file data_2.txt (compact mmCIF, C-alpha atoms)
# COMPACT_ATOMS: atom_id res chain seq x y z
CA MET U 1 101.07 39.91 -143.78
CA LEU U 2 103.97 41.71 -142.09
CA VAL U 3 102.60 45.07 -143.23
CA THR U 4 99.14 44.22 -141.92
CA SER U 5 100.60 43.19 -138.56
CA LEU U 6 102.57 46.43 -138.38
CA ILE U 7 99.44 48.44 -139.17
CA LEU U 8 97.51 46.64 -136.45
CA ILE U 9 100.22 47.01 -133.81
CA GLY U 10 100.80 50.66 -134.77
CA THR U 11 97.06 51.33 -134.60
CA LEU U 12 96.82 49.79 -131.13
CA ILE U 13 99.65 51.95 -129.80
CA TRP U 14 98.17 54.99 -131.54
CA VAL U 15 94.72 54.43 -130.01
CA TYR U 16 96.18 53.93 -126.55
CA LEU U 17 98.26 57.13 -126.71
CA LEU U 18 95.23 59.02 -128.04
CA SER U 19 93.16 57.92 -125.06
CA VAL U 20 95.96 59.07 -122.73
CA PHE U 21 96.11 62.52 -124.33
CA LYS U 22 92.32 62.78 -124.37
CA ARG U 23 92.06 62.03 -120.66
CA ALA U 24 94.90 64.44 -119.89
CA LYS U 25 93.08 67.11 -121.99
CA LEU U 26 96.22 67.84 -123.98
CA THR U 27 94.38 69.22 -127.02
CA ALA U 28 97.41 70.12 -129.12
CA PHE U 29 99.18 66.79 -128.57
CA TYR U 30 95.93 64.94 -129.18
CA PHE U 31 95.60 66.76 -132.51
CA ILE U 32 99.24 66.18 -133.54
CA LEU U 33 99.25 62.47 -132.72
CA GLY U 34 95.74 61.90 -134.03
CA SER U 35 96.17 63.60 -137.39
CA ILE U 36 99.63 62.20 -138.11
CA GLY U 37 98.60 58.69 -137.01
CA LEU U 38 95.41 58.67 -139.05
CA PHE U 39 97.33 59.98 -142.07
CA PHE U 40 99.82 57.10 -141.92
CA ILE U 41 97.08 54.51 -141.34
CA LEU U 42 95.03 55.79 -144.28
CA ILE U 43 98.13 55.87 -146.50
CA ALA U 44 98.95 52.28 -145.53
CA LEU U 45 95.37 51.20 -146.22
CA SER U 46 95.14 53.02 -149.54
CA ARG U 47 97.63 50.73 -151.30
CA PRO U 48 96.91 49.45 -153.84
CA TYR U 49 93.14 49.87 -154.24
CA GLY U 50 92.78 53.46 -153.02
CA VAL U 51 95.68 54.64 -155.17
CA TRP U 52 94.35 52.76 -158.18
CA LEU U 53 90.84 54.14 -157.70
CA LEU U 54 91.91 57.75 -157.27
CA SER U 55 94.47 57.57 -160.10
CA SER U 56 91.83 56.18 -162.44
CA LEU U 57 89.27 58.79 -161.35
CA VAL U 58 91.76 61.63 -161.84
CA THR U 59 92.78 60.31 -165.27
CA TRP U 60 89.14 59.85 -166.23
CA GLY U 61 88.20 63.35 -165.06
CA THR U 62 91.14 64.89 -166.90
CA GLY U 63 90.12 62.90 -169.97
CA ILE U 64 86.73 64.66 -170.05
CA LEU U 65 88.50 68.01 -170.41
CA GLY U 66 90.87 66.45 -172.94
CA SER U 67 88.07 65.17 -175.15
CA LEU U 68 86.19 68.49 -174.88
CA THR U 69 89.22 70.46 -176.04
CA GLY U 70 90.69 67.77 -178.30
CA MET U 71 94.19 68.54 -177.03
CA PHE U 72 95.03 65.24 -175.38
CA SER U 73 93.65 61.80 -174.72
CA THR U 74 93.69 59.63 -171.63
CA PHE U 75 93.85 55.93 -170.81
CA TYR U 76 92.22 55.71 -167.42
CA ARG U 77 92.87 52.00 -166.96
CA GLU U 78 96.58 52.60 -167.50
CA ASN U 79 96.48 55.97 -165.70
CA LEU U 80 98.13 57.65 -168.68
CA ILE U 81 97.59 61.06 -170.25
CA GLU U 82 98.83 61.21 -173.82
CA ILE U 83 99.82 64.57 -175.27
CA ALA U 84 101.01 64.33 -178.86
CA ASN U 85 102.93 67.05 -180.67
CA THR U 86 104.15 66.79 -184.23
CA HIS U 87 107.26 64.77 -183.43
CA HIS U 88 107.06 64.24 -179.74
CA THR U 89 104.64 62.35 -177.55
CA ILE U 90 104.52 62.84 -173.80
CA LEU U 91 102.85 60.19 -171.66
CA MET U 92 102.12 61.54 -168.22
CA PHE U 93 101.71 58.75 -165.73
CA VAL U 94 99.21 59.50 -162.97
CA ASP U 95 100.91 57.56 -160.23
CA TYR U 96 100.84 57.44 -156.45
CA GLU U 97 102.28 60.92 -155.96
CA CYS U 98 100.12 62.39 -158.70
CA SER U 99 96.80 60.88 -157.71
CA GLY U 100 96.15 63.29 -154.83
CA ILE U 101 95.81 60.44 -152.34
CA ILE U 102 98.50 61.89 -150.06
CA GLU U 103 96.88 65.34 -149.95
CA THR U 104 93.43 63.84 -149.43
CA THR U 105 94.45 61.52 -146.60
CA ALA U 106 96.48 64.31 -144.96
CA PHE U 107 93.43 66.56 -145.13
CA TRP U 108 91.19 63.87 -143.64
CA GLY U 109 93.69 63.28 -140.86
CA LEU U 110 93.75 66.98 -140.01
CA VAL U 111 89.98 67.49 -140.19
CA ALA U 112 89.24 64.38 -138.11
CA PHE U 113 91.17 65.76 -135.12
CA TYR U 114 90.77 69.49 -135.61
CA PRO U 115 89.17 70.66 -132.33
CA VAL U 116 86.51 72.97 -133.73
CA TYR U 117 83.97 71.14 -135.79
CA SER U 118 81.12 68.86 -134.84
CA ARG U 119 80.98 65.33 -136.20
CA LYS U 120 78.53 66.32 -138.91
CA GLU U 121 80.66 69.29 -139.93
CA ARG U 122 83.76 67.10 -140.03
CA SER U 123 82.04 64.63 -142.36
CA LEU U 124 80.81 67.35 -144.69
CA ILE U 125 84.17 69.13 -144.74
CA ALA U 126 86.01 65.83 -145.33
CA VAL U 127 83.84 65.02 -148.35
CA GLY U 128 83.87 68.59 -149.69
CA GLY U 129 87.63 68.92 -149.17
CA ALA U 130 88.36 65.65 -150.95
CA LEU U 131 86.21 66.80 -153.86
CA TRP U 132 88.00 70.15 -153.92
CA ILE U 133 91.44 68.47 -153.99
CA TYR U 134 90.24 66.08 -156.70
CA LEU U 135 88.98 68.92 -158.92
CA ALA U 136 92.11 71.00 -158.24
CA ASN U 137 94.26 68.05 -159.33
CA ILE U 138 92.25 67.62 -162.53
CA LEU U 139 92.62 71.32 -163.30
CA ARG U 140 96.36 71.11 -162.57
CA LEU U 141 96.79 68.24 -165.03
CA PHE U 142 94.69 70.09 -167.58
CA VAL U 143 96.92 73.18 -167.24
CA VAL U 144 100.07 71.05 -167.58
CA ALA U 145 98.73 69.12 -170.59
CA THR U 146 97.54 72.32 -172.30
CA LEU U 147 100.94 74.00 -171.89
CA ILE U 148 102.73 70.91 -173.24
CA TYR U 149 100.32 70.75 -176.16
CA PHE U 150 101.06 74.35 -177.16
CA PHE U 151 104.73 74.65 -176.19
CA GLY U 152 106.00 71.10 -176.71
CA GLY U 153 107.81 68.57 -174.56
CA GLN U 154 110.59 71.00 -173.64
CA ALA U 155 107.99 72.98 -171.65
CA PHE U 156 107.30 70.00 -169.42
CA PHE U 157 109.49 71.14 -166.56
CA TRP U 158 108.00 74.62 -166.43
CA ALA U 159 104.47 73.42 -167.01
CA HIS U 160 104.58 70.61 -164.47
CA SER U 161 107.12 71.49 -161.81
CA ILE U 162 106.53 75.25 -161.65
CA LEU U 163 103.19 76.43 -163.04
CA GLY U 164 101.13 73.28 -162.47
CA ARG U 165 102.28 72.88 -158.90
CA LEU U 166 101.88 76.58 -158.14
CA PHE U 167 98.33 76.46 -159.44
CA PHE U 168 97.56 73.35 -157.37
CA TYR U 169 99.23 74.70 -154.23
CA ILE U 170 97.20 77.91 -154.41
CA LEU U 171 93.92 76.00 -154.73
CA VAL U 172 94.75 73.65 -151.85
CA ILE U 173 96.00 76.44 -149.60
CA ILE U 174 92.69 78.26 -150.21
CA LEU U 175 91.02 75.11 -148.86
CA TYR U 176 93.35 74.96 -145.84
CA TYR U 177 92.74 78.63 -145.13
CA ASN U 178 88.97 78.26 -145.21
CA VAL U 179 88.88 75.09 -143.16
CA PHE U 180 91.56 75.79 -140.55
CA THR U 181 92.67 79.42 -140.36
CA LYS U 182 89.32 81.09 -141.07
CA ALA U 183 87.61 78.80 -138.59
CA HIS U 184 90.09 79.88 -135.97
CA ILE U 185 89.59 83.59 -136.75
CA ILE U 186 85.80 83.31 -136.64
CA LYS U 187 85.93 81.46 -133.36
CA ASN U 188 88.21 84.10 -131.88
CA PHE U 189 86.23 87.14 -132.97
CA ALA U 190 82.66 85.87 -133.02
CA GLY U 191 83.01 83.48 -130.13
CA LYS U 192 81.42 80.66 -132.11
CA LEU U 193 81.56 79.06 -135.49
CA THR U 194 79.02 79.81 -138.16
CA TYR U 195 79.67 76.60 -140.04
CA SER U 196 76.88 74.71 -138.29
CA GLY U 197 74.10 76.66 -139.92
CA GLY U 198 74.56 79.72 -137.72
CA LYS U 199 73.31 77.95 -134.61
CA MET B 1 86.59 56.88 -125.63
CA ARG B 2 83.66 55.44 -127.57
CA LYS B 3 84.77 57.38 -130.62
CA ILE B 4 88.26 55.94 -130.35
CA ILE B 5 86.93 52.39 -130.06
CA LEU B 6 84.70 53.01 -133.07
CA ALA B 7 87.63 54.39 -135.09
CA PHE B 8 89.75 51.42 -134.07
CA ALA B 9 87.03 48.99 -135.12
CA CYS B 10 86.87 50.67 -138.53
CA VAL B 11 90.65 50.49 -138.97
CA LEU B 12 90.65 46.86 -137.88
CA SER B 13 87.99 46.03 -140.45
CA PHE B 14 90.04 47.69 -143.16
CA ALA B 15 93.17 45.88 -142.04
CA ILE B 16 91.38 42.54 -142.27
CA PHE B 17 90.12 43.57 -145.69
CA ILE B 18 93.60 44.32 -147.02
CA ALA B 19 94.96 41.15 -145.47
CA SER B 20 92.89 39.07 -147.87
CA PRO B 21 95.19 37.19 -150.29
CA VAL B 22 94.39 39.23 -153.40
CA GLN B 23 97.29 40.25 -155.59
CA ALA B 24 96.73 43.58 -157.25
CA ASP B 25 99.10 45.43 -159.49
CA THR B 26 96.54 47.62 -161.09
CA THR B 27 98.37 50.88 -160.59
CA GLN B 28 100.91 49.90 -163.26
CA SER B 29 100.41 51.13 -166.80
CA THR B 30 101.98 47.87 -167.97
CA ALA B 31 99.36 45.70 -166.27
CA GLY B 32 98.54 42.71 -168.44
CA ILE B 33 101.52 42.89 -170.80
CA VAL B 34 103.20 39.54 -171.34
CA ILE B 35 106.04 38.97 -173.81
CA ASP B 36 104.40 35.98 -175.47
CA GLY B 37 104.17 36.96 -179.12
CA LYS B 38 100.39 37.35 -179.05
CA PHE B 39 100.44 41.20 -179.00
CA ASP B 40 96.76 41.43 -178.04
CA ASP B 41 97.72 42.89 -174.65
CA TRP B 42 98.79 46.12 -176.40
CA LYS B 43 95.31 46.78 -177.80
CA ASN B 44 94.23 49.34 -175.21
CA LYS B 45 97.64 50.90 -174.65
CA PRO B 46 98.69 54.26 -176.09
CA ILE B 47 100.21 53.54 -179.51
CA GLU B 48 101.82 56.30 -181.54
CA ASP B 49 102.15 56.61 -185.32
CA TRP B 50 105.70 57.32 -186.41
CA TYR B 51 106.46 58.41 -189.95
CA TYR B 52 108.84 60.35 -192.12
CA GLY B 53 107.80 63.34 -194.17
CA THR B 54 105.39 66.17 -193.61
CA LEU B 55 102.30 64.42 -194.90
CA PRO B 56 101.63 61.61 -192.45
CA TRP B 57 99.57 58.99 -194.19
CA ILE B 58 98.39 56.39 -191.76
CA SER B 59 99.26 53.64 -194.24
CA ASP B 60 102.86 54.77 -194.06
CA ALA B 61 103.10 54.90 -190.31
CA VAL B 62 104.94 52.60 -187.97
CA HIS B 63 103.11 51.99 -184.70
CA VAL B 64 105.18 52.35 -181.57
CA SER B 65 104.36 52.11 -177.89
CA LEU B 66 106.56 52.63 -174.84
CA LEU B 67 105.55 51.77 -171.29
CA SER B 68 107.38 51.20 -168.04
CA ASP B 69 106.85 50.00 -164.51
CA ASN B 70 109.14 49.60 -161.54
CA GLU B 71 110.94 46.63 -163.11
CA TYR B 72 110.87 46.84 -166.87
CA ILE B 73 110.76 49.12 -169.87
CA TYR B 74 108.37 47.71 -172.50
CA LEU B 75 108.48 48.48 -176.19
CA TYR B 76 106.06 47.56 -178.96
CA VAL B 77 106.85 48.11 -182.64
CA ASP B 78 104.41 47.28 -185.43
CA MET B 79 105.81 47.73 -188.94
CA ASP B 80 102.35 47.43 -190.51
CA GLY B 81 101.80 50.07 -193.18
CA MET B 82 105.47 50.82 -193.67
CA ASN B 83 105.60 50.12 -197.38
CA ARG B 84 107.23 53.03 -199.16
CA GLY B 85 110.57 51.50 -199.94
CA ARG B 86 111.65 51.48 -196.34
CA GLY B 87 111.10 47.75 -195.83
CA GLN B 88 108.68 46.03 -193.53
CA LYS B 89 111.12 44.26 -191.26
CA LEU B 90 111.98 45.21 -187.73
CA PRO B 91 115.28 47.14 -187.56
CA THR B 92 117.84 44.98 -185.78
CA ASP B 93 120.64 47.52 -185.61
CA ASN B 94 121.91 49.46 -182.61
CA ASN B 95 119.48 52.31 -183.02
CA TYR B 96 117.15 51.63 -180.12
CA TYR B 97 117.94 54.50 -177.77
CA PHE B 98 116.44 54.79 -174.31
CA THR B 99 117.22 57.84 -172.19
CA ILE B 100 116.50 57.41 -168.50
CA GLY B 101 117.11 60.54 -166.49
CA ASN B 102 120.41 61.85 -167.83
CA THR B 103 121.74 58.53 -169.08
CA GLN B 104 121.24 57.30 -172.61
CA PHE B 105 121.32 53.60 -173.37
CA GLN B 106 121.85 52.12 -176.81
CA CYS B 107 120.23 48.74 -177.32
CA ASN B 108 120.78 45.99 -179.82
CA CYS B 109 118.60 42.99 -180.69
CA THR B 110 120.12 39.63 -181.47
CA THR B 111 118.92 36.07 -181.78
CA ASN B 112 122.33 34.71 -180.84
CA PRO B 113 122.82 34.92 -177.09
CA ARG B 114 126.45 33.80 -177.42
CA ASN B 115 127.52 36.67 -179.59
CA TRP B 116 125.76 40.00 -179.46
CA GLN B 117 127.59 41.19 -182.58
CA ASP B 118 125.70 38.58 -184.54
CA ALA B 119 122.73 40.87 -185.06
CA ALA B 120 119.38 39.19 -185.51
CA ASN B 121 118.37 38.48 -189.06
CA PHE B 122 114.65 38.95 -188.87
CA GLY B 123 114.52 39.20 -192.66
CA SER B 124 114.70 35.40 -192.95
CA LEU B 125 111.46 34.88 -191.04
CA GLN B 126 108.60 33.38 -193.02
CA PRO B 127 104.94 34.52 -192.72
CA GLY B 128 103.42 33.03 -189.60
CA GLN B 129 106.81 32.45 -187.98
CA SER B 130 108.11 34.17 -184.88
CA ALA B 131 111.51 34.36 -183.18
CA HIS B 132 112.75 35.18 -179.72
CA PHE B 133 115.66 37.54 -179.35
CA ASN B 134 117.91 38.92 -176.65
CA ILE B 135 118.66 42.54 -175.97
CA PHE B 136 122.02 44.06 -175.24
CA ALA B 137 122.47 47.52 -173.85
CA GLN B 138 125.35 49.89 -173.30
CA ASP B 139 125.60 53.25 -171.62
CA TYR B 140 125.74 55.48 -174.67
CA SER B 141 126.77 58.46 -172.54
CA ASN B 142 129.92 56.45 -171.79
CA PRO B 143 131.08 54.84 -175.07
CA ALA B 144 134.11 53.36 -173.33
CA GLN B 145 131.81 50.98 -171.53
CA SER B 146 131.52 47.63 -173.25
CA TRP B 147 128.19 46.13 -174.19
CA GLN B 148 126.42 44.55 -171.29
CA LYS B 149 124.08 41.70 -171.96
CA THR B 150 120.73 42.20 -170.33
CA THR B 151 120.18 39.04 -168.40
CA ALA B 152 117.16 37.58 -166.62
CA GLY B 153 114.22 39.23 -168.35
CA GLY B 154 115.80 41.07 -171.28
CA GLU B 155 113.83 39.50 -174.06
CA GLY B 156 111.73 40.11 -177.11
CA ILE B 157 109.62 38.35 -179.70
CA VAL B 158 109.21 39.26 -183.32
CA ALA B 159 106.51 37.77 -185.54
CA GLU B 160 105.85 38.00 -189.25
CA ARG B 161 102.32 38.35 -190.52
CA ALA B 162 100.91 36.79 -193.66
CA ASP B 163 101.47 40.06 -195.57
CA GLY B 164 105.16 40.11 -194.64
CA THR B 165 105.02 42.91 -192.10
CA GLN B 166 106.63 42.29 -188.75
CA VAL B 167 105.50 43.13 -185.26
CA ALA B 168 107.60 42.90 -182.11
CA GLU B 169 107.35 43.33 -178.37
CA MET B 170 110.24 43.47 -175.93
CA ARG B 171 111.10 44.31 -172.38
CA ILE B 172 114.32 45.39 -170.69
CA PRO B 173 114.84 45.00 -166.94
CA ILE B 174 115.97 48.31 -165.49
CA SER B 175 118.17 46.56 -162.94
CA ASP B 176 120.33 45.30 -165.83
CA LEU B 177 120.89 48.89 -166.90
CA GLY B 178 122.40 49.61 -163.50
CA ILE B 179 119.40 51.67 -162.37
CA ASN B 180 117.71 51.03 -159.04
CA THR B 181 114.46 52.81 -159.73
CA ILE B 182 112.84 54.72 -162.55
CA SER B 183 110.17 56.21 -160.32
CA GLY B 184 109.91 59.92 -161.05
CA GLN B 185 112.44 59.72 -163.88
CA ARG B 186 111.92 60.78 -167.46
CA ILE B 187 112.17 57.91 -169.97
CA THR B 188 112.51 58.68 -173.67
CA PHE B 189 112.69 56.30 -176.60
CA ARG B 190 113.85 57.06 -180.13
CA ASN B 191 114.92 55.07 -183.15
CA PRO B 192 115.84 57.14 -186.22
CA HIS B 193 115.22 54.11 -188.45
CA LEU B 194 111.58 54.08 -187.42
CA GLY B 195 110.98 57.82 -187.60
CA PRO B 196 112.17 61.15 -186.22
CA GLN B 197 109.61 61.06 -183.42
CA THR B 198 110.18 60.32 -179.76
CA ILE B 199 108.03 59.05 -176.91
CA THR B 200 108.58 60.27 -173.36
CA ILE B 201 107.07 58.92 -170.17
CA GLU B 202 106.99 61.30 -167.25
CA GLY B 203 105.60 61.12 -163.76
CA ALA B 204 103.43 64.05 -162.79
CA SER B 205 103.87 64.30 -159.05
CA THR B 206 102.01 67.08 -157.26
CA GLY B 207 104.79 67.45 -154.71
CA PRO B 208 102.32 66.09 -152.16
CA TYR B 209 104.53 65.97 -149.07
CA VAL B 210 105.11 69.73 -149.22
CA LEU B 211 101.36 70.33 -149.26
CA ALA B 212 100.66 67.78 -146.54
CA ALA B 213 103.33 69.37 -144.32
CA GLY B 214 102.01 72.85 -145.14
CA GLY B 215 98.47 71.86 -144.22
CA PHE B 216 99.68 70.33 -141.00
CA LEU B 217 101.55 73.50 -140.02
CA ILE B 218 98.55 75.73 -140.85
CA ALA B 219 96.21 73.55 -138.79
CA LEU B 220 98.76 73.23 -136.01
CA ALA B 221 99.16 77.00 -135.79
CA ALA B 222 95.39 77.30 -135.38
CA VAL B 223 95.29 74.54 -132.75
CA PHE B 224 98.04 76.22 -130.73
CA GLY B 225 96.08 79.44 -131.14
CA PHE B 226 93.08 77.74 -129.50
CA SER B 227 95.26 76.39 -126.72
CA LEU B 228 96.76 79.81 -126.06
CA ASP B 229 93.31 81.45 -126.09
CA LYS B 230 92.12 78.89 -123.59
CA PHE B 231 95.20 79.44 -121.43
CA PHE B 232 94.78 83.24 -121.33
CA LYS B 233 91.02 82.99 -120.67
CA ASN B 234 91.66 80.66 -117.72
CA ARG B 235 94.35 83.03 -116.47
CA VAL B 236 91.94 86.00 -116.56
CA LYS B 237 89.36 83.99 -114.62
CA ILE B 238 91.97 83.14 -111.93
CA LEU B 239 93.10 86.75 -111.67
call {"tool": "encode", "arguments": {"input": "data_2.txt", "output": "structure tokens"}}
result
Amino acid sequence: MLVTSLILIGTLIWVYLLSVFKRAKLTAFYFILGSIGLFFILIALSRPYGVWLLSSLVTWGTGILGSLTGMFSTFYRENLIEIANTHHTILMFVDYECSGIIETTAFWGLVAFYPVYSRKERSLIAVGGALWIYLANILRLFVVATLIYFFGGQAFFWAHSILGRLFFYILVIILYYNVFTKAHIIKNFAGKLTYSGGK
Amino acid sequence: MRKIILAFACVLSFAIFIASPVQADTTQSTAGIVIDGKFDDWKNKPIEDWYYGTLPWISDAVHVSLLSDNEYIYLYVDMDGMNRGRGQKLPTDNNYYFTIGNTQFQCNCTTNPRNWQDAANFGSLQPGQSAHFNIFAQDYSNPAQSWQKTTAGGEGIVAERADGTQVAEMRIPISDLGINTISGQRITFRNPHLGPQTITIEGASTGPYVLAAGGFLIALAAVFGFSLDKFFKNRVKIL
């Protein structure tokens, strides 16, 4: 109840400040406050159901690749990925920080207040971006699980903390580049965006 | 302004939704596990076959499962199929090793809460009987430390089936091991009397805050770019 009250009070203050920045036409401050505020609100709202849903979906999606290759199995209700070697079993727990919920909500927060796109474009980019992050996360877990399967539990650090993250970071930064930086470049050089069907 | 009111209405609706008195703990891999001696709650959990030798026959395997949440470490051991002269009873010695992060804990089962050295004698159980036991743990990385009894929830149940094989489930509260949180830590279990295998639970964080901050900076750079463009265009018009 205390958390809910805090969310409500925080949201009220956030909305009021947003309206102030909007009226003052302070675009950059409007974007900063809007995206950060929406991110925190979505994060607060995502516990526990959003986290559970995304964790289960990620585990389930990774499990499809696992059953196709036969290298690992998953327990999507428990959010566990089981990679068994001869004498060593690794259970990777797809938890809050692994589910991709933080990246997804951060992306939604940024897109919602990014001052370029129309409402329709925002919606499409939000859905497409979330799907991209979801698939990137599944591929990351697949890469990590495959490396552990072939090189054993001692490869976990390299597979997970170095290679898996690098792989995931590259895929997500490609998304950021296309959605934010490229949009800016196109707007600067072409004078308009081509994302809305070239209109 | 209408957009803001609409967004606020949506957030309010969500807030009311999450305020409903529903308890959910579904993000835990240990959801549904109760130390009650029924063992049916382990059915859909990942259970490993442990065995000695190079030819693993399923009939010779011991079935082991390790799970954890923010409060407890759970262990399940099923001696079913272990029938090649190695006995069918649950080992009650000090060979339950849990490594959490860099610290290794050695655990001991006993049915006598007054004296941990009085190791449990599960061999005297009759088919159909079950027995509760306590768990003691010591920091194995620091042998000078005396055994510490796990208090509040450190408990286990062992049951003997009609065929004489035993099955057990237990849980150890992490707070009794002197650990505040096991979030993001590696947990490994081994017991050389059950097999040479180990089970490790690892988190698989994406390092999300780095990416979220990176995305924010990329978008912010572009937004400031727009603002600067706007500023210079206005300046040209004035000049």
call {"tool": "interface_residues", "arguments": {"input": "data_2.txt", "of": "chain U", "to": "chain B", "cutoff": "6 Å", "atoms": "only C-alpha atoms", "output": "number ranges by chain"}}
result
U: 52, 78, 87-93, 97-98, 103, 106, 180, 184
call {"tool": "atom_distance", "arguments": {"input": "data_2.txt", "atom1": "atom CA of Phe72 of chain U", "atom2": "atom CA of Asp95 of chain U"}}
result
18.0 Å
call {"tool": "closest_residue", "arguments": {"input": "data_2.txt", "among": "B:Cys107, B:Leu217, B:Val158, B:Leu194", "to": "Leu177 of chain B", "atoms": "only C-alpha atoms"}}
result
B:Cys107
call {"tool": "residues_around", "arguments": {"input": "data_2.txt", "residues": "Val179 of chain U", "least_positions_apart": "4", "cutoff": "9 Å", "atoms": "all atoms listed in the file", "output": "list of chain:residue names"}}
result
U:Val111, U:Ile125, U:Gly129, U:Ile174, U:Leu175, U:Ala183, U:His184, B:Ala219
call {"tool": "atom_distance", "arguments": {"input": "data_2.txt", "atom1": "atom CA of Asp40 of chain B", "atom2": "atom CA of Leu141 of chain U"}}
result
29.8 Å
call {"tool": "residues_around", "arguments": {"input": "data_2.txt", "residues": "Leu53 of chain U", "least_positions_apart": "4", "cutoff": "10 Å", "atoms": "all atoms listed in the file", "output": "list in words"}}
result
Ser46, Arg47, Pro48, Tyr49, Leu57, Val58, Thr59, Tyr76, Arg77, Asn79, Ser99 and Ile101 of chain U; Thr26 and Thr27 of chain B
call {"tool": "residues_around", "arguments": {"input": "data_2.txt", "residues": "Ile32 of chain U", "least_positions_apart": "2", "cutoff": "10 Å", "atoms": "only C-alpha atoms", "output": "PyMOL selection string"}}
result
(chain U and resi 18+27-30+34-37+109-110+113-114) or (chain B and resi 216+219-220+223)
